[in-house]
Structure formats: structure tokens, C-alpha cells
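J.: You'll find start-v8.cif just under this line, and it carries mmCIF, C-alpha atoms.
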```cif
data_coords
#
loop_
_atom_site.label_atom_id
_atom_site.label_comp_id
_atom_site.auth_asym_id
_atom_site.auth_seq_id
_atom_site.Cartn_x
_atom_site.Cartn_y
_atom_site.Cartn_z
CA MET A 7 80.87 81.02 104.27
CA ASP A 8 84.33 80.01 103.15
CA LYS A 9 87.33 82.30 103.66
CA LEU A 10 87.05 84.26 100.40
CA GLU A 11 83.29 84.69 100.81
CA GLN A 12 83.89 86.03 104.30
CA VAL A 13 86.56 88.45 103.05
CA LEU A 14 84.28 89.62 100.26
CA PHE A 15 81.33 90.03 102.61
CA ASP A 16 83.29 91.80 105.36
CA PHE A 17 85.04 94.26 103.12
CA SER A 18 81.91 94.97 101.08
CA VAL A 19 79.97 95.74 104.26
CA LYS A 20 82.81 97.93 105.58
CA THR A 21 83.00 99.92 102.36
CA PHE A 22 79.24 100.43 102.05
CA GLU A 23 79.14 101.52 105.69
CA GLU A 24 82.12 103.89 105.56
CA LEU A 25 81.53 105.42 102.15
CA ALA A 26 77.76 105.45 101.91
CA PHE A 27 76.40 104.85 105.42
CA PHE A 28 74.54 101.72 104.27
CA MET A 29 74.04 99.48 107.29
CA PRO A 30 73.28 95.78 106.83
CA VAL A 31 69.95 94.55 108.22
CA PRO A 32 69.26 91.11 109.65
CA ASP A 33 66.26 90.27 107.49
CA GLU A 34 66.81 89.85 103.80
CA PRO A 35 64.50 92.15 101.83
CA VAL A 36 62.15 90.62 99.25
CA ASP A 37 64.06 90.88 96.02
CA SER A 38 61.82 89.55 93.29
CA ASP A 39 61.58 91.45 90.01
CA VAL A 40 63.45 94.52 91.19
CA SER A 41 65.21 96.52 88.54
CA THR A 42 68.97 96.69 89.10
CA LYS A 43 72.18 98.29 87.90
CA MET A 44 75.45 96.40 87.71
CA THR A 45 79.04 97.60 87.55
CA LEU A 46 82.16 95.65 86.58
CA VAL A 47 85.81 96.21 87.45
CA ARG A 48 88.18 94.11 85.34
CA PHE A 49 91.54 93.26 86.86
CA THR A 50 94.79 91.87 85.48
CA GLY A 51 98.13 91.02 87.00
CA TYR A 52 98.96 88.03 89.15
CA THR A 53 95.54 86.71 88.18
CA ASP A 54 92.79 88.17 86.03
CA GLY A 55 89.06 88.40 86.37
CA GLY A 56 86.08 90.60 87.03
CA PHE A 57 84.45 92.09 90.09
CA TYR A 58 80.74 92.93 89.93
CA ILE A 59 78.27 94.75 92.16
CA LYS A 60 74.55 94.54 91.44
CA ILE A 61 72.35 97.02 93.27
CA PRO A 62 68.61 97.77 93.15
CA ASP A 63 67.74 100.90 91.17
CA ARG A 64 66.01 102.40 94.18
CA ALA A 65 69.22 102.21 96.23
CA LEU A 66 71.30 104.05 93.66
CA PRO A 67 70.23 107.65 94.42
CA VAL A 68 70.55 107.00 98.15
CA LEU A 69 74.06 105.65 97.66
CA ALA A 70 75.13 108.75 95.73
CA GLN A 71 73.38 111.18 98.09
CA ASN A 72 75.05 109.61 101.10
CA ILE A 73 78.51 109.68 99.54
CA LEU A 74 78.26 113.24 98.27
CA ALA A 75 76.04 114.69 101.00
CA GLU A 76 73.90 116.32 98.30
CA ASP A 77 70.38 115.89 96.95
CA ASP A 78 69.16 115.56 93.37
CA ILE A 79 72.23 113.89 91.95
CA PRO A 80 72.08 113.22 88.20
CA MET A 81 71.99 109.61 87.01
CA GLU A 82 75.50 109.75 85.56
CA GLN A 83 76.93 110.68 88.94
CA GLN A 84 74.76 108.08 90.69
CA LEU A 85 76.34 105.44 88.47
CA ASP A 86 79.76 106.96 89.15
CA ALA A 87 79.13 106.47 92.88
CA LEU A 88 78.39 102.79 92.31
CA LYS A 89 81.53 102.44 90.20
CA GLU A 90 83.68 104.03 92.90
CA VAL A 91 82.35 101.69 95.58
CA ALA A 92 83.21 98.75 93.32
CA ASN A 93 86.67 100.17 92.64
CA VAL A 94 87.39 100.52 96.36
CA ILE A 95 86.20 97.04 97.29
CA CYS A 96 87.97 95.35 94.37
CA GLY A 97 91.29 97.09 95.07
CA ASN A 98 91.15 96.05 98.69
CA ILE A 99 90.21 92.41 98.31
CA LEU A 100 92.54 91.38 95.49
CA PRO A 101 95.57 90.80 97.76
CA GLN A 102 93.49 88.22 99.60
CA LEU A 103 93.79 85.93 96.59
CA ALA A 104 97.54 85.51 96.56
CA GLY A 105 99.11 87.82 99.12
CA LYS A 106 99.95 91.50 99.43
CA ASP A 107 103.22 91.13 97.57
CA LYS A 108 101.42 90.46 94.27
CA GLN A 109 100.56 93.26 91.88
CA TYR A 110 97.30 93.90 90.06
CA ARG A 111 96.01 96.52 87.66
CA LEU A 112 92.36 97.56 87.81
CA SER A 113 90.53 98.89 84.78
CA ALA A 114 88.12 101.81 85.01
CA PRO A 115 84.78 100.51 86.34
CA GLU A 116 82.03 100.18 83.73
CA ILE A 117 78.28 99.69 83.80
CA VAL A 118 77.21 96.36 82.30
CA GLU A 119 73.83 94.80 81.57
CA ASP A 120 74.88 91.29 82.49
CA PHE A 121 77.90 89.14 83.32
CA ILE A 122 80.39 89.24 80.48
CA SER A 123 81.55 86.06 78.77
CA ASP A 124 85.28 86.71 79.37
CA TYR A 125 85.14 85.27 82.87
CA SER A 126 82.59 82.51 82.35
CA GLY A 127 85.00 79.70 81.42
CA SER A 128 85.76 76.74 83.66
CA GLU A 129 89.12 78.26 84.61
CA TYR A 130 87.30 81.02 86.51
CA ALA A 131 86.25 80.53 90.11
CA ARG A 132 83.20 82.44 91.31
CA VAL A 133 82.61 83.91 94.74
CA LYS A 134 79.24 85.49 95.50
CA VAL A 135 77.79 87.20 98.56
CA GLN A 136 74.53 88.97 99.22
CA ILE A 137 74.21 91.85 101.64
CA PRO A 138 70.77 92.90 102.85
CA PHE A 139 70.50 96.64 103.39
CA ASP A 140 67.45 98.75 104.16
CA GLU A 141 67.85 100.10 100.65
CA GLY A 142 67.61 96.59 99.14
CA LEU A 143 69.63 93.48 98.51
CA VAL A 144 73.12 94.14 97.14
CA LYS A 145 74.88 91.29 95.36
CA VAL A 146 78.63 91.12 94.95
CA PHE A 147 80.40 88.73 92.58
CA TRP A 148 84.08 88.04 92.22
CA HIS A 149 85.25 85.96 89.24
CA TYR A 150 88.95 85.16 89.08
CA ASN A 151 91.24 82.84 87.18
CA LYS A 152 91.92 80.02 89.61
CA ASN A 153 94.68 78.50 87.45
CA SER A 154 97.10 81.29 88.29
CA ILE A 155 96.58 81.17 92.04
CA MET B 26 99.46 130.25 103.53
CA SER B 27 96.48 129.06 101.51
CA LEU B 28 96.94 126.07 99.27
CA ASN B 29 96.25 125.43 95.63
CA VAL B 30 95.28 121.77 95.49
CA LEU B 31 94.97 119.55 92.44
CA ILE B 32 92.73 116.47 92.70
CA VAL B 33 93.36 113.86 90.01
CA ASP B 34 90.85 111.02 89.93
CA ASP B 35 88.76 109.56 87.12
CA SER B 36 85.77 109.28 89.45
CA SER B 37 83.80 112.53 89.64
CA VAL B 38 82.27 111.22 92.86
CA MET B 39 85.65 110.66 94.50
CA ARG B 40 86.83 114.12 93.39
CA ALA B 41 83.69 115.65 94.90
CA MET B 42 84.18 113.64 98.08
CA ILE B 43 87.82 114.69 98.48
CA LYS B 44 86.82 118.30 97.80
CA ARG B 45 84.17 118.10 100.49
CA VAL B 46 86.67 116.62 102.96
CA LEU B 47 89.22 119.37 102.20
CA ASN B 48 86.57 122.00 102.79
CA ILE B 49 85.50 120.60 106.16
CA CYS B 50 89.08 120.03 107.36
CA ASP B 51 91.10 122.74 109.01
CA ILE B 52 93.24 123.25 105.92
CA PRO B 53 93.36 126.70 104.32
CA ILE B 54 92.49 126.31 100.65
CA ARG B 55 92.73 128.95 97.92
CA ASN B 56 91.87 126.96 94.80
CA ILE B 57 90.95 123.37 94.09
CA PHE B 58 91.68 122.16 90.55
CA GLU B 59 90.28 118.91 89.22
CA ALA B 60 91.52 116.49 86.58
CA SER B 61 90.17 113.12 85.53
CA ASN B 62 93.51 111.58 84.52
CA GLY B 63 97.25 112.16 84.77
CA GLN B 64 97.58 113.99 81.47
CA GLU B 65 94.84 116.47 82.40
CA GLY B 66 96.61 116.93 85.70
CA LEU B 67 99.93 117.72 84.02
CA ASN B 68 98.18 120.23 81.76
CA ILE B 69 96.75 122.01 84.80
CA ILE B 70 100.18 122.09 86.48
CA ASP B 71 101.64 123.66 83.32
CA ASP B 72 99.21 126.57 83.60
CA ASN B 73 98.74 127.00 87.35
CA TRP B 74 100.64 127.14 90.60
CA VAL B 75 99.88 123.96 92.56
CA ASP B 76 101.05 123.32 96.14
CA LEU B 77 99.63 119.85 96.65
CA ILE B 78 98.54 117.01 94.37
CA LEU B 79 96.08 114.34 95.51
CA VAL B 80 96.18 111.61 92.89
CA ASP B 81 94.58 108.23 92.24
CA ILE B 82 96.56 105.45 90.55
CA ASN B 83 94.28 103.51 88.23
CA MET B 84 92.99 105.97 85.65
CA PRO B 85 92.47 105.88 81.88
CA VAL B 86 94.64 107.93 79.45
CA MET B 87 97.47 108.39 81.99
CA SER B 88 97.71 106.56 85.30
CA GLY B 89 98.78 108.19 88.52
CA ASP B 90 102.11 106.38 88.69
CA VAL B 91 103.07 107.60 85.20
CA MET B 92 102.05 111.13 86.15
CA ILE B 93 104.20 110.94 89.30
CA ASP B 94 107.19 109.72 87.26
CA LYS B 95 106.83 112.62 84.85
CA LEU B 96 106.65 115.12 87.72
CA ARG B 97 109.65 113.62 89.51
CA ASN B 98 111.70 113.63 86.29
CA ASN B 99 111.04 117.31 85.60
CA PRO B 100 113.34 119.74 87.51
CA ASP B 101 110.45 122.23 87.76
CA THR B 102 108.15 119.77 89.49
CA GLU B 103 110.43 117.15 91.06
CA ASP B 104 109.80 118.36 94.61
CA MET B 105 106.03 118.75 94.44
CA ALA B 106 104.03 117.49 97.40
CA ILE B 107 102.08 114.45 96.29
CA VAL B 108 99.61 112.25 98.14
CA VAL B 109 98.31 109.10 96.49
CA ILE B 110 94.71 108.29 97.42
CA SER B 111 93.94 104.83 96.14
CA SER B 112 92.33 101.50 96.92
CA GLU B 113 95.58 99.87 95.85
CA SER B 114 96.44 97.20 98.42
CA SER B 115 99.49 95.50 96.97
CA GLU B 116 102.37 96.20 99.33
CA ALA B 117 104.78 95.86 96.43
CA THR B 118 103.00 98.60 94.48
CA ILE B 119 102.64 100.85 97.54
CA ASP B 120 106.35 100.46 98.34
CA ILE B 121 107.27 101.46 94.78
CA LEU B 122 105.05 104.55 95.07
CA LYS B 123 106.50 105.53 98.44
CA SER B 124 110.01 105.20 97.04
CA LYS B 125 109.07 108.07 94.72
CA GLY B 126 108.60 110.36 97.71
CA VAL B 127 104.82 110.35 97.94
CA LEU B 128 102.54 109.72 100.89
CA PHE B 129 99.79 107.15 100.62
CA ILE B 130 96.17 107.19 101.82
CA HIS B 131 94.15 104.07 101.47
CA LYS B 132 90.53 104.23 100.26
CA PRO B 133 88.14 104.27 102.00
CA PHE B 134 89.58 106.93 104.29
CA GLN B 135 88.41 109.12 107.12
CA PRO B 136 88.52 112.94 106.77
CA GLU B 137 90.94 113.24 109.72
CA GLU B 138 93.39 110.96 107.94
CA LEU B 139 93.60 113.26 104.91
CA GLU B 140 93.92 116.33 107.14
CA GLN B 141 96.77 114.75 109.12
CA VAL B 142 98.65 113.62 106.03
CA VAL B 143 98.45 117.10 104.49
CA ILE B 144 99.72 118.67 107.71
CA ASP B 145 102.52 116.11 107.96
CA LEU B 146 103.52 116.80 104.39
CA LEU B 147 103.36 120.56 104.34
CA GLY B 148 104.07 121.36 107.98
CA ASP B 149 102.10 123.88 109.96
CA ILE B 150 99.76 125.74 107.68
CA ASP B 151 98.45 129.04 108.93
CA GLY B 152 95.23 130.33 107.49
#
```
Using the file provided, produce a representation of the structure as C-alpha cells.
T.:
Amino acid sequence: MDKLEQVLFDFSVKTFEELAFFMPVPDEPVDSDVSTKMTLVRFTGYTDGGFYIKIPDRALPVLAQNILAEDDIPMEQQLDALKEVANVICGNILPQLAGKDKQYRLSAPEIVEDFISDYSGSEYARVKVQIPFDEGLVKVFWHYNKNSI
Amino acid sequence: MSLNVLIVDDSSVMRAMIKRVLNICDIPIRNIFEASNGQEGLNIIDDNWVDLILVDINMPVMSGDVMIDKLRNNPDTEDMAIVVISSESSEATIDILKSKGVLFIHKPFQPEELEQVVIDLLGDIDG
């Protein structure tokens, strides 16, 4: 892993552990053909880009239940839990790009079907990590404009 | 003294989580109001007595920093106790917020951290 991948991995693990009690497991779960949900946090400021988390459907209710300490959480709030995790990770890792003295503005997290085209151009660098949890394989993607770094 | 607390966060999950933390901490609470953005928060303050505001920064409609500015610029609300709870990590942004007389809690946070900040801000609170 390079430095940014390590930062992304470490802070993602920390946030999933502290907010949702998801503990990483050593063996990567089989991940073929699982249905997933994905959230996006867009950011602007010193640099712009998008931060994504993709999580298996089956992990979503567990994530929300663990955060809220309640059972039978409606789907809207399950998705809200995923959005909040993304918001926390994104806000924390952005200073790693250019230093803590730089300012960024995060948009409200949204649920997306796929990666959006805004951050697919050659000016955008892509960092990706995968985190194996008991609840399934979580994938985290960080696309940022490398020209402004 | 029991507190009326206003939680302003666009995430219903984070509001629920903060509420849960307040209820398990040793802080006497009378009412907890909730708002999903700064404007809703200001509307609640217009109609209710609020002792403590726990506010996020990045929110649609009205952000937390704009809400704080409006409170600080109003003689009726300029001294309100405000704690920002945010994942914001830019030291420049956090310094600007602190210069407005607010305390800052970084997400993710531990329940004890919120309890301590509230006690620091409001002094000894007797149930």
C-alpha cells in the first residue's frame, strides 16, 4: 500500500470499528455477485473530488443496528447510517491530501448506483482499498483532482 | 438544573446517536430538540428555551457555521453555549470556529468526550 492507501485503509477501519463495531477479518470473504449499496460524498475546496463507500446489502442493517443500538431499522435510516460513516471518513482523510491548513467543503452524502462521470477524467487520481469484515467486503474509493495538489 | 438541548445535524442517524449518548451520560436533560439544518435550528430557538446547541457544520439549506454567525450576531443569542460536532479536520476551519466561542468535538467521538465537553462548558450541573 502507498501512503494514501494506508491512510484511507487505517481511517476507514477505525471509523467502522468505533462507530459500528465492525472488526476487520484476516480472510477476505467471497464477494462474487453480491448486491451492494454505494454512497458518495462530493468535496470541493483546495481540491475537488468524490469519496465512495460500497457495502454489501446484507451488511447494511447490521451497520445501522450497531450504530443506533436498535433493531428493525427502516431502510432509509440504514442508508443514512452508511452516509454518515462516509461523511466521517471523508472529513477526516481530506487533510492528508494537502495538509491540515487547507479548507474543504463536503456536500451532503448521497446514494448512487455507480461511479459518477464528474471524477472519471484523467485529472482525477483514484485510491481504492478493500476491507474484509465478517459482514462482507467493504470497498472504499477516493477520487481527487491531482492537478491541484 | 436540567438542560434543554438542541441537536442540529442533517443525519438522522447522527442525531439519534448523539441523543443516545446524552441519555447514557450523567447529564440532566429536560428536552432534546432536533433540527436537520441551521435554519430549522434557528426556528426552534425562536420558539423554545435552549441551553445548549450541538451542531454539525456541513448541512444543506443552512450550514452550521452560518447558523453560529447568526446566533453570535443576535444580542438575544450571542452567548449561547455551542458545541460543534463534526468530522471537519482542517485546522484552519476549526480555528475559525473556535474563534467564535464554540467548543469542538471531532467525529467519531466517545461518549465520555461529549459528557466532559458539556460539563466544561456549562460547569457543574446538578440533576
J.: Can you tell me which residues surround segment 78-82 of chain A at a distance of at most 10 Å, considering only C-alpha atoms, apart from same-chain residues fewer than 4 positions away, and format the answer as a PyMOL selection string?
T.: (chain A and resi 66-68+70-71+74+86-87) or (chain B and resi 37)
J.: List as a compact mmCIF listing (two decimals) with C-alpha atoms, in the frame of the given file the protein and nucleic acid residues near His131 of chain B, meaning an atom at most 6 Å away when all atoms listed in the file are counted, but skip any in the same chain fewer than 4 places from it.
T.:
```txt
# COMPACT_ATOMS: atom_id res chain seq x y z
CA ILE B 110 94.71 108.29 97.42
CA SER B 111 93.94 104.83 96.14
CA SER B 112 92.33 101.50 96.92
```
J.: Between B:Leu146, B:Val86, B:Ile121, B:Val127, which has the minimum distance to Val109 of chain B (counting all atoms listed in the file)?
T.: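 When distances to Val109 of chain B are compared using all atoms listed in the file, the smallest one comes from B:Val127.
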J.: I'd like the contact shell of segment 44-50 of chain A - 8 Å cut-off, all atoms listed in the file, skipping same-chain residues fewer than 3 positions apart - returned as a PDB file with C-alpha atoms, in the frame of the given file.
T.:
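File produced: result.pdb:
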```
ATOM      1  CA  THR A  53      95.540  86.710  88.180  1.00  0.00           C
ATOM      2  CA  ASP A  54      92.790  88.170  86.030  1.00  0.00           C
ATOM      3  CA  GLY A  55      89.060  88.400  86.370  1.00  0.00           C
ATOM      4  CA  GLY A  56      86.080  90.600  87.030  1.00  0.00           C
ATOM      5  CA  PHE A  57      84.450  92.090  90.090  1.00  0.00           C
ATOM      6  CA  TYR A  58      80.740  92.930  89.930  1.00  0.00           C
ATOM      7  CA  ILE A  59      78.270  94.750  92.160  1.00  0.00           C
ATOM      8  CA  LYS A  60      74.550  94.540  91.440  1.00  0.00           C
ATOM      9  CA  ILE A  61      72.350  97.020  93.270  1.00  0.00           C
ATOM     10  CA  LEU A  88      78.390 102.790  92.310  1.00  0.00           C
ATOM     11  CA  LYS A  89      81.530 102.440  90.200  1.00  0.00           C
ATOM     12  CA  ALA A  92      83.210  98.750  93.320  1.00  0.00           C
ATOM     13  CA  ASN A  93      86.670 100.170  92.640  1.00  0.00           C
ATOM     14  CA  CYS A  96      87.970  95.350  94.370  1.00  0.00           C
ATOM     15  CA  TYR A 110      97.300  93.900  90.060  1.00  0.00           C
ATOM     16  CA  ARG A 111      96.010  96.520  87.660  1.00  0.00           C
ATOM     17  CA  LEU A 112      92.360  97.560  87.810  1.00  0.00           C
ATOM     18  CA  SER A 113      90.530  98.890  84.780  1.00  0.00           C
ATOM     19  CA  ALA A 114      88.120 101.810  85.010  1.00  0.00           C
ATOM     20  CA  PRO A 115      84.780 100.510  86.340  1.00  0.00           C
ATOM     21  CA  GLU A 116      82.030 100.180  83.730  1.00  0.00           C
ATOM     22  CA  ILE A 117      78.280  99.690  83.800  1.00  0.00           C
ATOM     23  CA  VAL A 118      77.210  96.360  82.300  1.00  0.00           C
ATOM     24  CA  GLU A 119      73.830  94.800  81.570  1.00  0.00           C
ATOM     25  CA  ASP A 120      74.880  91.290  82.490  1.00  0.00           C
TER      26      ASP A 120
END
```
J.: Would you list which chain A residues are within 6 Å of chain B using all atoms listed in the file, as a ChimeraX atom specification?
T.: /A:74,87,94,97-98,106-107,109
J.: Is it possible to get the residues within 10 Å of (84.0, 89.2, 98.5) (coordinates as in the file, counting all atoms listed in the file) written as a short mmCIF file (atom, residue, chain, number, x, y, z; two decimals) with C-alpha atoms, in the frame of the given file?
T.:
```cif
data_model
loop_
_atom_site.label_atom_id
_atom_site.label_comp_id
_atom_site.auth_asym_id
_atom_site.auth_seq_id
_atom_site.Cartn_x
_atom_site.Cartn_y
_atom_site.Cartn_z
CA LYS A 9 87.33 82.30 103.66
CA LEU A 10 87.05 84.26 100.40
CA GLU A 11 83.29 84.69 100.81
CA GLN A 12 83.89 86.03 104.30
CA VAL A 13 86.56 88.45 103.05
CA LEU A 14 84.28 89.62 100.26
CA PHE A 15 81.33 90.03 102.61
CA ASP A 16 83.29 91.80 105.36
CA PHE A 17 85.04 94.26 103.12
CA SER A 18 81.91 94.97 101.08
CA VAL A 19 79.97 95.74 104.26
CA PHE A 57 84.45 92.09 90.09
CA TYR A 58 80.74 92.93 89.93
CA ILE A 95 86.20 97.04 97.29
CA CYS A 96 87.97 95.35 94.37
CA ASN A 98 91.15 96.05 98.69
CA ILE A 99 90.21 92.41 98.31
CA LEU A 100 92.54 91.38 95.49
CA GLN A 102 93.49 88.22 99.60
CA ARG A 132 83.20 82.44 91.31
CA VAL A 133 82.61 83.91 94.74
CA LYS A 134 79.24 85.49 95.50
CA VAL A 135 77.79 87.20 98.56
CA GLN A 136 74.53 88.97 99.22
CA LYS A 145 74.88 91.29 95.36
CA VAL A 146 78.63 91.12 94.95
CA PHE A 147 80.40 88.73 92.58
CA TRP A 148 84.08 88.04 92.22
CA HIS A 149 85.25 85.96 89.24
#
```
J.: Which residue, A:Met7, A:Lys20, A:Pro30, A:Leu25, has the smallest gap to Ile137 of chain A when you use all atoms listed in the file?
T.: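 Closest to Ile137 of chain A, using all atoms listed in the file: A:Pro30.
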J.: Between A:Leu143, A:Lys152, A:Phe22, A:Pro62, single out the one closest to Ala131 of chain A, counting only C-alpha atoms.
T.: A:Lys152
J.: Have a look at atom CA of Thr42 of chain A and atom CA of Gln84 of chain A and let me know their distance in Å, one decimal.
T.: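 Those two atoms sit 12.9 Å apart.
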J.: Rank nothing, just name the residue among A:Leu69, A:Arg64, A:Asp140, A:Ala75 nearest to Val40 of chain A, using only C-alpha atoms.
T.: A:Arg64
J.: Between atom CA of Val80 of chain B and atom CA of Asp34 of chain B, what distance in Å does the model show, to one decimal?
T.: 6.1 Å
J.: Tell me which of B:Leu28, B:Ile107, B:Leu67, B:Leu128 sits closest to Asn48 of chain B, counting only C-alpha atoms.
T.: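 The closest residue to Asn48 of chain B is B:Leu28.
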